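Novice: Hey, dropping final_27.cif in here, mmCIF, C-alpha atoms:
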data_protein
#
loop_
_atom_site.group_PDB
_atom_site.id
_atom_site.type_symbol
_atom_site.label_atom_id
_atom_site.label_comp_id
_atom_site.auth_asym_id
_atom_site.auth_seq_id
_atom_site.Cartn_x
_atom_site.Cartn_y
_atom_site.Cartn_z
ATOM 1 C CA MET O 1 -0.452 -4.233 29.281
ATOM 2 C CA ARG O 2 2.977 -5.799 29.288
ATOM 3 C CA SER O 3 5.993 -3.545 29.053
ATOM 4 C CA ASP O 4 7.888 -5.808 26.653
ATOM 5 C CA ILE O 5 4.967 -5.792 24.194
ATOM 6 C CA MET O 6 4.648 -2.019 24.568
ATOM 7 C CA PHE O 7 8.373 -1.675 23.845
ATOM 8 C CA ILE O 8 7.965 -3.703 20.652
ATOM 9 C CA ILE O 9 4.915 -1.714 19.546
ATOM 10 C CA LEU O 10 6.661 1.625 20.146
ATOM 11 C CA GLY O 11 9.802 0.437 18.368
ATOM 12 C CA MET O 12 7.760 -0.754 15.411
ATOM 13 C CA GLY O 13 5.990 2.610 15.331
ATOM 14 C CA ILE O 14 9.243 4.577 15.332
ATOM 15 C CA VAL O 15 11.003 2.574 12.603
ATOM 16 C CA THR O 16 7.851 2.763 10.477
ATOM 17 C CA TYR O 17 7.434 6.512 10.931
ATOM 18 C CA ILE O 18 10.992 7.557 10.116
ATOM 19 C CA PRO O 19 11.051 6.394 6.448
ATOM 20 C CA ARG O 20 7.599 7.909 5.977
ATOM 21 C CA MET O 21 8.575 11.250 7.405
ATOM 22 C CA LEU O 22 12.163 11.956 6.258
ATOM 23 C CA PRO O 23 11.620 12.647 2.523
ATOM 24 C CA LEU O 24 8.616 14.922 3.106
ATOM 25 C CA THR O 25 10.318 17.044 5.723
ATOM 26 C CA VAL O 26 14.018 16.951 4.861
ATOM 27 C CA PHE O 27 14.026 16.679 1.058
ATOM 28 C CA HIS O 28 11.641 19.552 0.509
ATOM 29 C CA ARG O 29 14.349 22.005 -0.440
ATOM 30 C CA ILE O 30 16.641 19.645 -2.307
ATOM 31 C CA ASN O 31 16.635 20.274 -6.044
ATOM 32 C CA LEU O 32 16.966 16.998 -7.898
ATOM 33 C CA PRO O 33 18.259 16.789 -11.484
ATOM 34 C CA PRO O 34 15.467 16.300 -14.082
ATOM 35 C CA PHE O 35 16.300 12.634 -14.630
ATOM 36 C CA TRP O 36 15.737 11.782 -10.959
ATOM 37 C CA ARG O 37 12.587 13.890 -10.827
ATOM 38 C CA GLY O 38 11.323 11.776 -13.724
ATOM 39 C CA VAL O 39 12.244 8.604 -11.856
ATOM 40 C CA LEU O 40 10.329 9.740 -8.761
ATOM 41 C CA ARG O 41 7.317 10.566 -10.919
ATOM 42 C CA ASN O 42 7.490 7.019 -12.320
ATOM 43 C CA VAL O 43 7.452 5.488 -8.845
ATOM 44 C CA PRO O 44 3.648 5.397 -8.324
ATOM 45 C CA TYR O 45 2.976 3.329 -11.461
ATOM 46 C CA ALA O 46 5.879 0.996 -10.767
ATOM 47 C CA THR O 47 4.777 0.600 -7.135
ATOM 48 C CA LEU O 48 1.243 -0.290 -8.188
ATOM 49 C CA GLY O 49 2.633 -2.893 -10.575
ATOM 50 C CA ALA O 50 4.765 -4.443 -7.845
ATOM 51 C CA LEU O 51 1.900 -4.359 -5.336
ATOM 52 C CA ILE O 52 -0.484 -6.124 -7.721
ATOM 53 C CA ILE O 53 1.911 -8.653 -9.280
ATOM 54 C CA PRO O 54 2.298 -11.340 -8.089
ATOM 55 C CA GLY O 55 0.269 -10.645 -4.889
ATOM 56 C CA ILE O 56 -3.205 -10.860 -6.410
ATOM 57 C CA PHE O 57 -2.465 -14.289 -7.862
ATOM 58 C CA LEU O 58 -1.247 -15.650 -4.525
ATOM 59 C CA ILE O 59 -4.208 -14.711 -2.274
ATOM 60 C CA GLN O 60 -5.589 -18.218 -2.477
ATOM 61 C CA ASP O 61 -4.051 -21.570 -3.312
ATOM 62 C CA ASP O 62 -6.605 -21.766 -6.116
ATOM 63 C CA PRO O 63 -4.947 -19.777 -8.937
ATOM 64 C CA TRP O 64 -8.316 -19.119 -10.624
ATOM 65 C CA PHE O 65 -9.392 -17.026 -7.640
ATOM 66 C CA GLY O 66 -6.697 -14.435 -8.332
ATOM 67 C CA ILE O 67 -6.983 -14.648 -12.108
ATOM 68 C CA LEU O 68 -10.739 -14.122 -11.981
ATOM 69 C CA GLY O 69 -10.326 -11.226 -9.530
ATOM 70 C CA PHE O 70 -7.650 -9.618 -11.681
ATOM 71 C CA VAL O 71 -9.588 -9.949 -14.926
ATOM 72 C CA SER O 72 -12.842 -8.636 -13.452
ATOM 73 C CA ALA O 73 -11.054 -5.647 -11.874
ATOM 74 C CA VAL O 74 -9.227 -4.812 -15.125
ATOM 75 C CA LEU O 75 -12.427 -5.147 -17.176
ATOM 76 C CA ALA O 76 -14.503 -3.020 -14.795
ATOM 77 C CA SER O 77 -11.965 -0.202 -14.661
ATOM 78 C CA TRP O 78 -11.209 -0.411 -18.398
ATOM 79 C CA LEU O 79 -14.919 0.181 -19.016
ATOM 80 C CA GLY O 80 -14.615 3.371 -16.959
ATOM 81 C CA ALA O 81 -15.900 2.310 -13.523
ATOM 82 C CA ASN O 82 -14.532 4.332 -10.618
ATOM 83 C CA VAL O 83 -12.416 2.682 -7.919
ATOM 84 C CA MET O 84 -15.347 1.963 -5.600
ATOM 85 C CA ILE O 85 -17.309 0.204 -8.323
ATOM 86 C CA VAL O 86 -14.232 -1.778 -9.354
ATOM 87 C CA VAL O 87 -13.794 -3.042 -5.791
ATOM 88 C CA PHE O 88 -17.491 -3.864 -5.534
ATOM 89 C CA VAL O 89 -17.648 -5.741 -8.842
ATOM 90 C CA CYS O 90 -14.512 -7.701 -8.061
ATOM 91 C CA VAL O 91 -15.694 -8.771 -4.594
ATOM 92 C CA LEU O 92 -19.104 -9.681 -5.999
ATOM 93 C CA VAL O 93 -17.646 -11.824 -8.786
ATOM 94 C CA LEU O 94 -15.425 -13.704 -6.337
ATOM 95 C CA THR O 95 -18.231 -14.176 -3.815
ATOM 96 C CA VAL O 96 -20.293 -15.815 -6.553
ATOM 97 C CA TYR O 97 -17.263 -17.859 -7.615
ATOM 98 C CA THR O 98 -16.630 -19.177 -4.092
ATOM 99 C CA MET O 99 -20.301 -20.175 -3.782
ATOM 100 C CA LEU O 100 -20.197 -22.271 -6.952
ATOM 101 C CA MET H 101 -10.092 19.641 0.278
ATOM 102 C CA PHE H 102 -10.474 17.669 3.503
ATOM 103 C CA ARG H 103 -13.794 16.344 2.197
ATOM 104 C CA HIS H 104 -12.243 15.421 -1.166
ATOM 105 C CA GLY H 105 -9.653 13.419 0.746
ATOM 106 C CA VAL H 106 -12.298 11.640 2.823
ATOM 107 C CA LYS H 107 -14.238 10.779 -0.325
ATOM 108 C CA ALA H 108 -11.141 9.426 -2.046
ATOM 109 C CA GLY H 109 -10.357 7.376 1.058
ATOM 110 C CA ILE H 110 -13.672 5.523 1.281
ATOM 111 C CA ALA H 111 -12.443 2.726 -0.988
ATOM 112 C CA ILE H 112 -9.391 2.324 1.266
ATOM 113 C CA ALA H 113 -11.552 2.299 4.400
ATOM 114 C CA ILE H 114 -13.696 -0.471 2.926
ATOM 115 C CA GLY H 115 -10.658 -2.439 1.797
ATOM 116 C CA TYR H 116 -9.021 -2.092 5.215
ATOM 117 C CA ALA H 117 -12.072 -3.364 7.106
ATOM 118 C CA PRO H 118 -11.635 -7.114 6.462
ATOM 119 C CA VAL H 119 -7.844 -6.892 6.779
ATOM 120 C CA ALA H 120 -8.094 -5.075 10.126
ATOM 121 C CA LEU H 121 -10.869 -7.359 11.412
ATOM 122 C CA THR H 122 -8.679 -10.355 10.653
ATOM 123 C CA PHE H 123 -5.709 -8.665 12.297
ATOM 124 C CA GLY H 124 -7.772 -8.109 15.453
ATOM 125 C CA LEU H 125 -8.837 -11.719 15.473
ATOM 126 C CA LEU H 126 -5.301 -13.030 14.935
ATOM 127 C CA ALA H 127 -3.918 -10.665 17.568
ATOM 128 C CA LYS H 128 -6.404 -12.084 20.044
ATOM 129 C CA SER H 129 -5.395 -15.645 19.214
ATOM 130 C CA THR H 130 -1.727 -14.644 19.530
ATOM 131 C CA GLY H 131 -2.500 -13.502 23.066
ATOM 132 C CA LEU H 132 -2.464 -9.721 22.713
ATOM 133 C CA SER H 133 -4.972 -7.825 24.851
ATOM 134 C CA ILE H 134 -7.483 -5.540 23.180
ATOM 135 C CA ILE H 135 -5.524 -2.489 24.351
ATOM 136 C CA GLU H 136 -2.265 -3.846 22.920
ATOM 137 C CA THR H 137 -3.992 -4.747 19.659
ATOM 138 C CA THR H 138 -5.611 -1.340 19.262
ATOM 139 C CA LEU H 139 -2.436 0.478 20.271
ATOM 140 C CA MET H 140 -0.416 -1.422 17.683
ATOM 141 C CA SER H 141 -2.861 -0.375 14.967
ATOM 142 C CA MET H 142 -2.817 3.214 16.269
ATOM 143 C CA ILE H 143 0.958 3.523 16.571
ATOM 144 C CA VAL H 144 2.262 1.397 13.699
ATOM 145 C CA PHE H 145 -0.515 1.656 11.062
ATOM 146 C CA ALA H 146 1.135 -0.763 8.629
ATOM 147 C CA GLY H 147 -0.794 -3.900 7.763
ATOM 148 C CA ALA H 148 1.849 -6.309 6.533
ATOM 149 C CA ALA H 149 4.301 -5.456 9.326
ATOM 150 C CA GLN H 150 1.626 -5.930 11.972
ATOM 151 C CA TYR H 151 0.646 -9.342 10.616
ATOM 152 C CA ILE H 152 4.247 -10.494 10.521
ATOM 153 C CA SER H 153 4.908 -9.199 14.022
ATOM 154 C CA LEU H 154 2.093 -11.434 15.306
ATOM 155 C CA ASN H 155 3.696 -14.360 13.584
ATOM 156 C CA LEU H 156 7.084 -13.543 15.126
ATOM 157 C CA LEU H 157 5.565 -12.922 18.565
ATOM 158 C CA SER H 158 3.931 -16.346 18.536
ATOM 159 C CA LEU H 159 7.299 -17.871 17.619
ATOM 160 C CA GLY H 160 8.836 -16.122 20.639
ATOM 161 C CA THR H 161 11.105 -13.899 18.535
ATOM 162 C CA GLY H 162 13.041 -11.164 20.320
ATOM 163 C CA ALA H 163 12.061 -7.503 20.323
ATOM 164 C CA PHE H 164 15.016 -6.345 18.264
ATOM 165 C CA GLU H 165 14.357 -8.821 15.480
ATOM 166 C CA ILE H 166 10.672 -7.907 15.315
ATOM 167 C CA ILE H 167 11.475 -4.192 15.157
ATOM 168 C CA PHE H 168 14.192 -4.732 12.564
ATOM 169 C CA THR H 169 11.883 -6.860 10.378
ATOM 170 C CA THR H 170 9.295 -4.079 10.595
ATOM 171 C CA PHE H 171 11.897 -1.571 9.457
ATOM 172 C CA ILE H 172 12.953 -3.684 6.473
ATOM 173 C CA LEU H 173 9.348 -4.235 5.492
ATOM 174 C CA ASN H 174 8.406 -0.562 5.721
ATOM 175 C CA ILE H 175 11.491 0.991 4.147
ATOM 176 C CA ARG H 176 9.463 1.079 0.919
ATOM 177 C CA HIS H 177 7.477 3.980 2.363
ATOM 178 C CA PHE H 178 10.658 6.039 2.072
ATOM 179 C CA LEU H 179 10.420 5.776 -1.692
ATOM 180 C CA MET H 180 6.706 6.556 -1.682
ATOM 181 C CA SER H 181 7.201 9.564 0.569
ATOM 182 C CA ALA H 182 9.999 10.856 -1.697
ATOM 183 C CA SER H 183 7.757 10.442 -4.730
ATOM 184 C CA LEU H 184 4.811 12.116 -3.015
ATOM 185 C CA ASN H 185 7.078 15.000 -2.018
ATOM 186 C CA GLU H 186 7.397 15.810 -5.729
ATOM 187 C CA LYS H 187 3.718 16.661 -5.953
ATOM 188 C CA ALA H 188 3.121 17.888 -2.396
ATOM 189 C CA GLU H 189 2.220 21.532 -1.925
ATOM 190 C CA HIS H 190 4.432 23.679 0.279
ATOM 191 C CA ASP H 191 2.490 23.242 3.471
ATOM 192 C CA ALA H 192 3.872 23.975 6.930
ATOM 193 C CA LEU H 193 6.534 21.443 7.833
ATOM 194 C CA TRP H 194 4.660 20.177 10.901
ATOM 195 C CA LYS H 195 1.646 19.407 8.729
ATOM 196 C CA LYS H 196 3.756 17.385 6.326
ATOM 197 C CA ALA H 197 5.419 15.608 9.252
ATOM 198 C CA LEU H 198 1.945 14.799 10.569
ATOM 199 C CA TYR H 199 0.433 13.395 7.391
ATOM 200 C CA ALA H 200 3.659 11.501 6.663
ATOM 201 C CA PHE H 201 2.555 9.200 9.499
ATOM 202 C CA GLY H 202 -0.376 8.075 7.380
ATOM 203 C CA ILE H 203 1.521 7.071 4.245
ATOM 204 C CA THR H 204 0.707 3.471 3.419
ATOM 205 C CA ASP H 205 0.726 1.546 0.130
ATOM 206 C CA GLU H 206 -2.935 2.445 -0.248
ATOM 207 C CA THR H 207 -3.039 6.112 0.814
ATOM 208 C CA PHE H 208 0.087 6.756 -1.252
ATOM 209 C CA SER H 209 -1.416 5.120 -4.338
ATOM 210 C CA VAL H 210 -4.619 7.135 -4.117
ATOM 211 C CA ALA H 211 -2.779 10.415 -3.490
ATOM 212 C CA ALA H 212 -0.236 9.740 -6.250
ATOM 213 C CA MET H 213 -2.961 9.044 -8.822
ATOM 214 C CA LYS H 214 -4.868 12.236 -7.925
ATOM 215 C CA GLU H 215 -4.687 14.901 -10.610
ATOM 216 C CA GLY H 216 -2.630 17.967 -9.776
ATOM 217 C CA SER H 217 -0.830 18.598 -6.511
ATOM 218 C CA VAL H 218 -1.779 17.314 -3.070
ATOM 219 C CA CYS H 219 -2.172 19.609 -0.078
ATOM 220 C CA ALA H 220 -2.130 18.801 3.624
ATOM 221 C CA SER H 221 -5.897 19.028 4.153
ATOM 222 C CA TYR H 222 -6.526 16.533 1.330
ATOM 223 C CA MET H 223 -4.013 14.162 2.906
ATOM 224 C CA PHE H 224 -5.594 14.647 6.348
ATOM 225 C CA GLY H 225 -9.008 13.685 4.939
ATOM 226 C CA LEU H 226 -7.636 10.688 3.058
ATOM 227 C CA ILE H 227 -5.702 9.441 6.072
ATOM 228 C CA PHE H 228 -8.421 10.259 8.609
ATOM 229 C CA ILE H 229 -10.926 7.847 7.084
ATOM 230 C CA SER H 230 -8.378 5.123 6.263
ATOM 231 C CA TYR H 231 -6.772 5.303 9.722
ATOM 232 C CA SER H 232 -10.159 5.291 11.477
ATOM 233 C CA SER H 233 -11.211 2.182 9.596
ATOM 234 C CA TRP H 234 -7.911 0.477 10.388
ATOM 235 C CA VAL H 235 -7.953 1.224 14.121
ATOM 236 C CA VAL H 236 -11.670 0.730 14.780
ATOM 237 C CA ASN H 237 -11.862 -2.516 12.824
ATOM 238 C CA SER H 238 -8.763 -3.895 14.569
ATOM 239 C CA ALA H 239 -10.542 -3.390 17.882
ATOM 240 C CA ILE H 240 -13.810 -4.850 16.558
ATOM 241 C CA GLY H 241 -11.944 -7.857 15.189
ATOM 242 C CA HIS H 242 -10.496 -8.496 18.645
ATOM 243 C CA ILE H 243 -13.927 -8.246 20.286
ATOM 244 C CA VAL H 244 -16.243 -10.095 17.948
ATOM 245 C CA GLY H 245 -13.885 -12.109 15.800
ATOM 246 C CA ALA H 246 -14.700 -12.733 12.182
ATOM 247 C CA TYR H 247 -18.462 -13.085 11.963
ATOM 248 C CA LEU H 248 -18.627 -12.568 8.214
ATOM 249 C CA PRO H 249 -19.480 -15.721 6.246
ATOM 250 C CA GLU H 250 -16.306 -17.457 5.178
ATOM 251 C CA ASN H 251 -16.811 -17.025 1.441
ATOM 252 C CA VAL H 252 -17.473 -13.283 1.844
ATOM 253 C CA GLN H 253 -14.301 -12.946 3.937
ATOM 254 C CA LEU H 254 -12.424 -14.832 1.274
ATOM 255 C CA SER H 255 -13.640 -12.647 -1.557
ATOM 256 C CA LEU H 256 -13.057 -9.472 0.485
ATOM 257 C CA SER H 257 -9.382 -10.384 0.643
ATOM 258 C CA VAL H 258 -9.170 -9.231 -2.975
ATOM 259 C CA ALA H 259 -10.590 -5.751 -2.220
ATOM 260 C CA LEU H 260 -7.288 -3.879 -1.853
ATOM 261 C CA TYR H 261 -5.841 -5.487 -4.976
ATOM 262 C CA ALA H 262 -8.983 -4.523 -6.885
ATOM 263 C CA MET H 263 -8.460 -0.968 -5.671
ATOM 264 C CA PHE H 264 -4.857 -0.954 -6.931
ATOM 265 C CA VAL H 265 -6.053 -2.186 -10.332
ATOM 266 C CA GLY H 266 -8.803 0.441 -10.339
ATOM 267 C CA LEU H 267 -6.197 3.139 -9.737
ATOM 268 C CA LEU H 268 -3.727 1.867 -12.297
ATOM 269 C CA VAL H 269 -5.919 1.108 -15.326
ATOM 270 C CA PRO H 270 -7.153 4.698 -15.926
ATOM 271 C CA ALA H 271 -3.523 5.867 -15.841
ATOM 272 C CA ILE H 272 -2.569 3.199 -18.386
ATOM 273 C CA LYS H 273 -5.399 4.311 -20.666
ATOM 274 C CA THR H 274 -4.036 7.875 -20.807
ATOM 275 C CA GLU H 275 -0.304 7.135 -20.662
ATOM 276 C CA ARG H 276 1.403 4.144 -22.240
ATOM 277 C CA LYS H 277 4.420 4.677 -19.975
ATOM 278 C CA ALA H 278 2.330 3.632 -16.954
ATOM 279 C CA LEU H 279 1.841 0.201 -18.509
ATOM 280 C CA TRP H 280 5.572 -0.345 -19.048
ATOM 281 C CA LEU H 281 6.310 0.765 -15.516
ATOM 282 C CA ALA H 282 3.689 -1.453 -13.906
ATOM 283 C CA VAL H 283 4.437 -4.551 -15.984
ATOM 284 C CA SER H 284 8.202 -4.331 -15.639
ATOM 285 C CA ALA H 285 7.977 -3.679 -11.878
ATOM 286 C CA GLY H 286 5.584 -6.604 -11.509
ATOM 287 C CA LEU H 287 7.857 -8.955 -13.423
ATOM 288 C CA ILE H 288 10.952 -7.885 -11.499
ATOM 289 C CA ASN H 289 9.007 -8.302 -8.266
ATOM 290 C CA CYS H 290 8.024 -11.854 -9.280
ATOM 291 C CA THR H 291 11.618 -12.735 -10.049
ATOM 292 C CA LEU H 292 12.854 -11.340 -6.736
ATOM 293 C CA LEU H 293 10.123 -12.873 -4.575
ATOM 294 C CA LEU H 294 9.518 -16.259 -6.117
ATOM 295 C CA TRP H 295 12.885 -17.073 -7.572
ATOM 296 C CA LEU H 296 15.511 -15.233 -5.523
ATOM 297 C CA HIS H 297 13.423 -15.302 -2.286
ATOM 298 C CA VAL H 298 14.092 -11.664 -1.469
ATOM 299 C CA PRO H 299 11.980 -10.476 1.527
ATOM 300 C CA LYS H 300 8.715 -8.846 0.401
ATOM 301 C CA GLY H 301 9.477 -5.320 1.601
ATOM 302 C CA TRP H 302 12.820 -5.207 -0.214
ATOM 303 C CA ALA H 303 11.452 -6.879 -3.325
ATOM 304 C CA ILE H 304 8.902 -4.082 -3.787
ATOM 305 C CA VAL H 305 11.557 -1.390 -3.239
ATOM 306 C CA ILE H 306 14.056 -2.933 -5.656
ATOM 307 C CA ALA H 307 11.437 -3.698 -8.317
ATOM 308 C CA THR H 308 10.057 -0.161 -8.115
ATOM 309 C CA ILE H 309 13.469 1.541 -8.331
ATOM 310 C CA LEU H 310 14.756 -0.656 -11.161
ATOM 311 C CA SER H 311 11.631 -0.244 -13.253
ATOM 312 C CA ALA H 312 11.345 3.531 -12.613
ATOM 313 C CA ILE H 313 14.996 4.104 -13.576
ATOM 314 C CA PHE H 314 14.975 1.779 -16.568
ATOM 315 C CA VAL H 315 11.793 3.201 -18.113
ATOM 316 C CA GLN H 316 13.023 6.777 -17.534
ATOM 317 C CA TRP H 317 16.368 5.931 -19.144
ATOM 318 C CA ALA H 318 14.723 4.188 -22.112
ATOM 319 C CA MET H 319 12.335 7.102 -22.670
ATOM 320 C CA GLU H 320 14.976 9.795 -22.530
ATOM 321 C CA ARG H 321 17.154 7.785 -24.906
ATOM 322 C CA ARG H 322 14.309 7.448 -27.363
ATOM 323 C CA GLU H 323 13.463 11.151 -27.114
ATOM 324 C CA GLY H 324 17.156 11.905 -27.562
ATOM 325 C CA THR H 325 17.340 9.960 -30.838
ATOM 326 C CA THR H 326 14.140 11.582 -32.089
ATOM 327 C CA TYR H 327 15.670 15.021 -31.547
ATOM 328 C CA ALA H 328 18.877 13.952 -33.299
ATOM 329 C CA GLN H 329 16.968 12.998 -36.446
#
Any chance you could give the structure as structure tokens?
Specialist:
Amino acid sequence: MRSDIMFIILGMGIVTYIPRMLPLTVFHRINLPPFWRGVLRNVPYATLGALIIPGIFLIQDDPWFGILGFVSAVLASWLGANVMIVVFVCVLVLTVYTML
Amino acid sequence: MFRHGVKAGIAIAIGYAPVALTFGLLAKSTGLSIIETTLMSMIVFAGAAQYISLNLLSLGTGAFEIIFTTFILNIRHFLMSASLNEKAEHDALWKKALYAFGITDETFSVAAMKEGSVCASYMFGLIFISYSSWVVNSAIGHIVGAYLPENVQLSLSVALYAMFVGLLVPAIKTERKALWLAVSAGLINCTLLLWLHVPKGWAIVIATILSAIFVQWAMERREGTTYAQ
């Protein structure tokens, strides 16, 4: 183990932990106005949108790979499949696609 | 509740496996030992930042720059943690400080989409299985490399995105607002990333904040006018 690598790993760990930890431990008694509470409740849906788009379409150079993955995941979950099944269906569809 | 968390985390654990295996493999080819590789996954537990750090290490980038890049990339967890805090039960502070370590894009998304509040033991279960998969598969990736057939590896790279879609669509079916939030955040994110070349970590933060504020503002305005009539 090299000390410079260990220094980098520890530093990365600390700067990653601090943003994760501060709101949960320090904000817990702060009373936000209703508007900002609403904004924070919106965050999960907005985050999911930003995590999916455009990422899923850029996994492969072939744009159809992402489009096919996106459509099959949306269809599966729209039809009521739970998250596990959605993942399974999507991976299966793309495995077949890459074999074609 | 711990078991509920573990169950909810299985999809994450499966999605993490190929990403962590690949990380292990890349870490090996970058010249990290198995101990360094496993320790990085244990201490940092943030996929994108770990991948980029390998890239920077191979370019001979300095420690400060690598750590700073990690910070910029992971500042988005601040927003997620603040949002999760809104639905977190009042557990002992040390418990919240402990599970805060395990907040990633994926664990946050699953916890945020759960109905009702989230307690510490649920979070511990959720994070336990996701973290185990991440750490163990990083080590395995370093040892055996990627033995999966190439086309399976390729299609597995979509797993985490499929999970995000699987979490979002049910919410959209029950609440139209979720659709506006997701679509507007996605479009803003595209503009920032592809057009303005904003770094990925910041692009997600800015897109999320702008969309969350704008949709909230638009909704309250509309409700306001309805009351006025």
Novice: Which residue, O:Gly13, O:Asp62, O:Asp4, O:Leu92, has the smallest gap to chain H when you use all atoms listed in the file?
Specialist: O:Gly13
Novice: Starting from the displayed file, determine the output of the PyMOL selection byres ((chain H) within 7 of (chain O)) and express the residue list as a PDB file with C-alpha atoms, in the frame of the given file.
Specialist:
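Result file expr31.pdb:
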ATOM      1  CA  ALA H 111     -12.443   2.726  -0.988  1.00  0.00           C
ATOM      2  CA  GLU H 136      -2.265  -3.846  22.920  1.00  0.00           C
ATOM      3  CA  MET H 140      -0.416  -1.422  17.683  1.00  0.00           C
ATOM      4  CA  ILE H 143       0.958   3.523  16.571  1.00  0.00           C
ATOM      5  CA  VAL H 144       2.262   1.397  13.699  1.00  0.00           C
ATOM      6  CA  ALA H 163      12.061  -7.503  20.323  1.00  0.00           C
ATOM      7  CA  ILE H 167      11.475  -4.192  15.157  1.00  0.00           C
ATOM      8  CA  THR H 170       9.295  -4.079  10.595  1.00  0.00           C
ATOM      9  CA  PHE H 171      11.897  -1.571   9.457  1.00  0.00           C
ATOM     10  CA  ASN H 174       8.406  -0.562   5.721  1.00  0.00           C
ATOM     11  CA  ILE H 175      11.491   0.991   4.147  1.00  0.00           C
ATOM     12  CA  HIS H 177       7.477   3.980   2.363  1.00  0.00           C
ATOM     13  CA  PHE H 178      10.658   6.039   2.072  1.00  0.00           C
ATOM     14  CA  SER H 181       7.201   9.564   0.569  1.00  0.00           C
ATOM     15  CA  ALA H 182       9.999  10.856  -1.697  1.00  0.00           C
ATOM     16  CA  SER H 183       7.757  10.442  -4.730  1.00  0.00           C
ATOM     17  CA  ASN H 185       7.078  15.000  -2.018  1.00  0.00           C
ATOM     18  CA  LEU H 193       6.534  21.443   7.833  1.00  0.00           C
ATOM     19  CA  LYS H 196       3.756  17.385   6.326  1.00  0.00           C
ATOM     20  CA  ALA H 197       5.419  15.608   9.252  1.00  0.00           C
ATOM     21  CA  ALA H 200       3.659  11.501   6.663  1.00  0.00           C
ATOM     22  CA  PHE H 201       2.555   9.200   9.499  1.00  0.00           C
ATOM     23  CA  ILE H 203       1.521   7.071   4.245  1.00  0.00           C
ATOM     24  CA  SER H 209      -1.416   5.120  -4.338  1.00  0.00           C
ATOM     25  CA  ALA H 212      -0.236   9.740  -6.250  1.00  0.00           C
ATOM     26  CA  ASN H 251     -16.811 -17.025   1.441  1.00  0.00           C
ATOM     27  CA  VAL H 252     -17.473 -13.283   1.844  1.00  0.00           C
ATOM     28  CA  SER H 255     -13.640 -12.647  -1.557  1.00  0.00           C
ATOM     29  CA  LEU H 256     -13.057  -9.472   0.485  1.00  0.00           C
ATOM     30  CA  VAL H 258      -9.170  -9.231  -2.975  1.00  0.00           C
ATOM     31  CA  ALA H 259     -10.590  -5.751  -2.220  1.00  0.00           C
ATOM     32  CA  TYR H 261      -5.841  -5.487  -4.976  1.00  0.00           C
ATOM     33  CA  ALA H 262      -8.983  -4.523  -6.885  1.00  0.00           C
ATOM     34  CA  MET H 263      -8.460  -0.968  -5.671  1.00  0.00           C
ATOM     35  CA  PHE H 264      -4.857  -0.954  -6.931  1.00  0.00           C
ATOM     36  CA  VAL H 265      -6.053  -2.186 -10.332  1.00  0.00           C
ATOM     37  CA  GLY H 266      -8.803   0.441 -10.339  1.00  0.00           C
ATOM     38  CA  LEU H 267      -6.197   3.139  -9.737  1.00  0.00           C
ATOM     39  CA  LEU H 268      -3.727   1.867 -12.297  1.00  0.00           C
ATOM     40  CA  VAL H 269      -5.919   1.108 -15.326  1.00  0.00           C
ATOM     41  CA  PRO H 270      -7.153   4.698 -15.926  1.00  0.00           C
ATOM     42  CA  ALA H 278       2.330   3.632 -16.954  1.00  0.00           C
ATOM     43  CA  LEU H 281       6.310   0.765 -15.516  1.00  0.00           C
ATOM     44  CA  ALA H 282       3.689  -1.453 -13.906  1.00  0.00           C
ATOM     45  CA  VAL H 283       4.437  -4.551 -15.984  1.00  0.00           C
ATOM     46  CA  ALA H 285       7.977  -3.679 -11.878  1.00  0.00           C
ATOM     47  CA  GLY H 286       5.584  -6.604 -11.509  1.00  0.00           C
ATOM     48  CA  ASN H 289       9.007  -8.302  -8.266  1.00  0.00           C
ATOM     49  CA  CYS H 290       8.024 -11.854  -9.280  1.00  0.00           C
ATOM     50  CA  ILE H 304       8.902  -4.082  -3.787  1.00  0.00           C
ATOM     51  CA  ALA H 307      11.437  -3.698  -8.317  1.00  0.00           C
ATOM     52  CA  THR H 308      10.057  -0.161  -8.115  1.00  0.00           C
ATOM     53  CA  SER H 311      11.631  -0.244 -13.253  1.00  0.00           C
ATOM     54  CA  ALA H 312      11.345   3.531 -12.613  1.00  0.00           C
ATOM     55  CA  ILE H 313      14.996   4.104 -13.576  1.00  0.00           C
ATOM     56  CA  GLN H 316      13.023   6.777 -17.534  1.00  0.00           C
TER      57      GLN H 316
END
Novice: Would you kindly translate the PyMOL selection byres ((chain H and resi 228) around 10) into the concrete residues it picks from this file, as a short mmCIF file (atom, residue, chain, number, x, y, z; two decimals) with C-alpha atoms, in the frame of the given file?
Specialist:
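New file part-v7.cif:
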data_model
loop_
_atom_site.label_atom_id
_atom_site.label_comp_id
_atom_site.auth_asym_id
_atom_site.auth_seq_id
_atom_site.Cartn_x
_atom_site.Cartn_y
_atom_site.Cartn_z
CA PHE H 102 -10.47 17.67 3.50
CA GLY H 105 -9.65 13.42 0.75
CA VAL H 106 -12.30 11.64 2.82
CA GLY H 109 -10.36 7.38 1.06
CA ALA H 113 -11.55 2.30 4.40
CA TYR H 199 0.43 13.40 7.39
CA GLY H 202 -0.38 8.07 7.38
CA TYR H 222 -6.53 16.53 1.33
CA MET H 223 -4.01 14.16 2.91
CA PHE H 224 -5.59 14.65 6.35
CA GLY H 225 -9.01 13.68 4.94
CA LEU H 226 -7.64 10.69 3.06
CA ILE H 227 -5.70 9.44 6.07
CA ILE H 229 -10.93 7.85 7.08
CA SER H 230 -8.38 5.12 6.26
CA TYR H 231 -6.77 5.30 9.72
CA SER H 232 -10.16 5.29 11.48
CA SER H 233 -11.21 2.18 9.60
CA TRP H 234 -7.91 0.48 10.39
#
Novice: Could you give me the centre and size, in Å to one decimal, of an axis-aligned box around all listed atoms of region 251-255 of chain H with 3 Å added on every side, as lines of an AutoDock Vina configuration file?
Specialist:
center_x = -14.9
center_y = -14.8
center_z = 1.2
size_x = 11.0
size_y = 10.4
size_z = 11.5
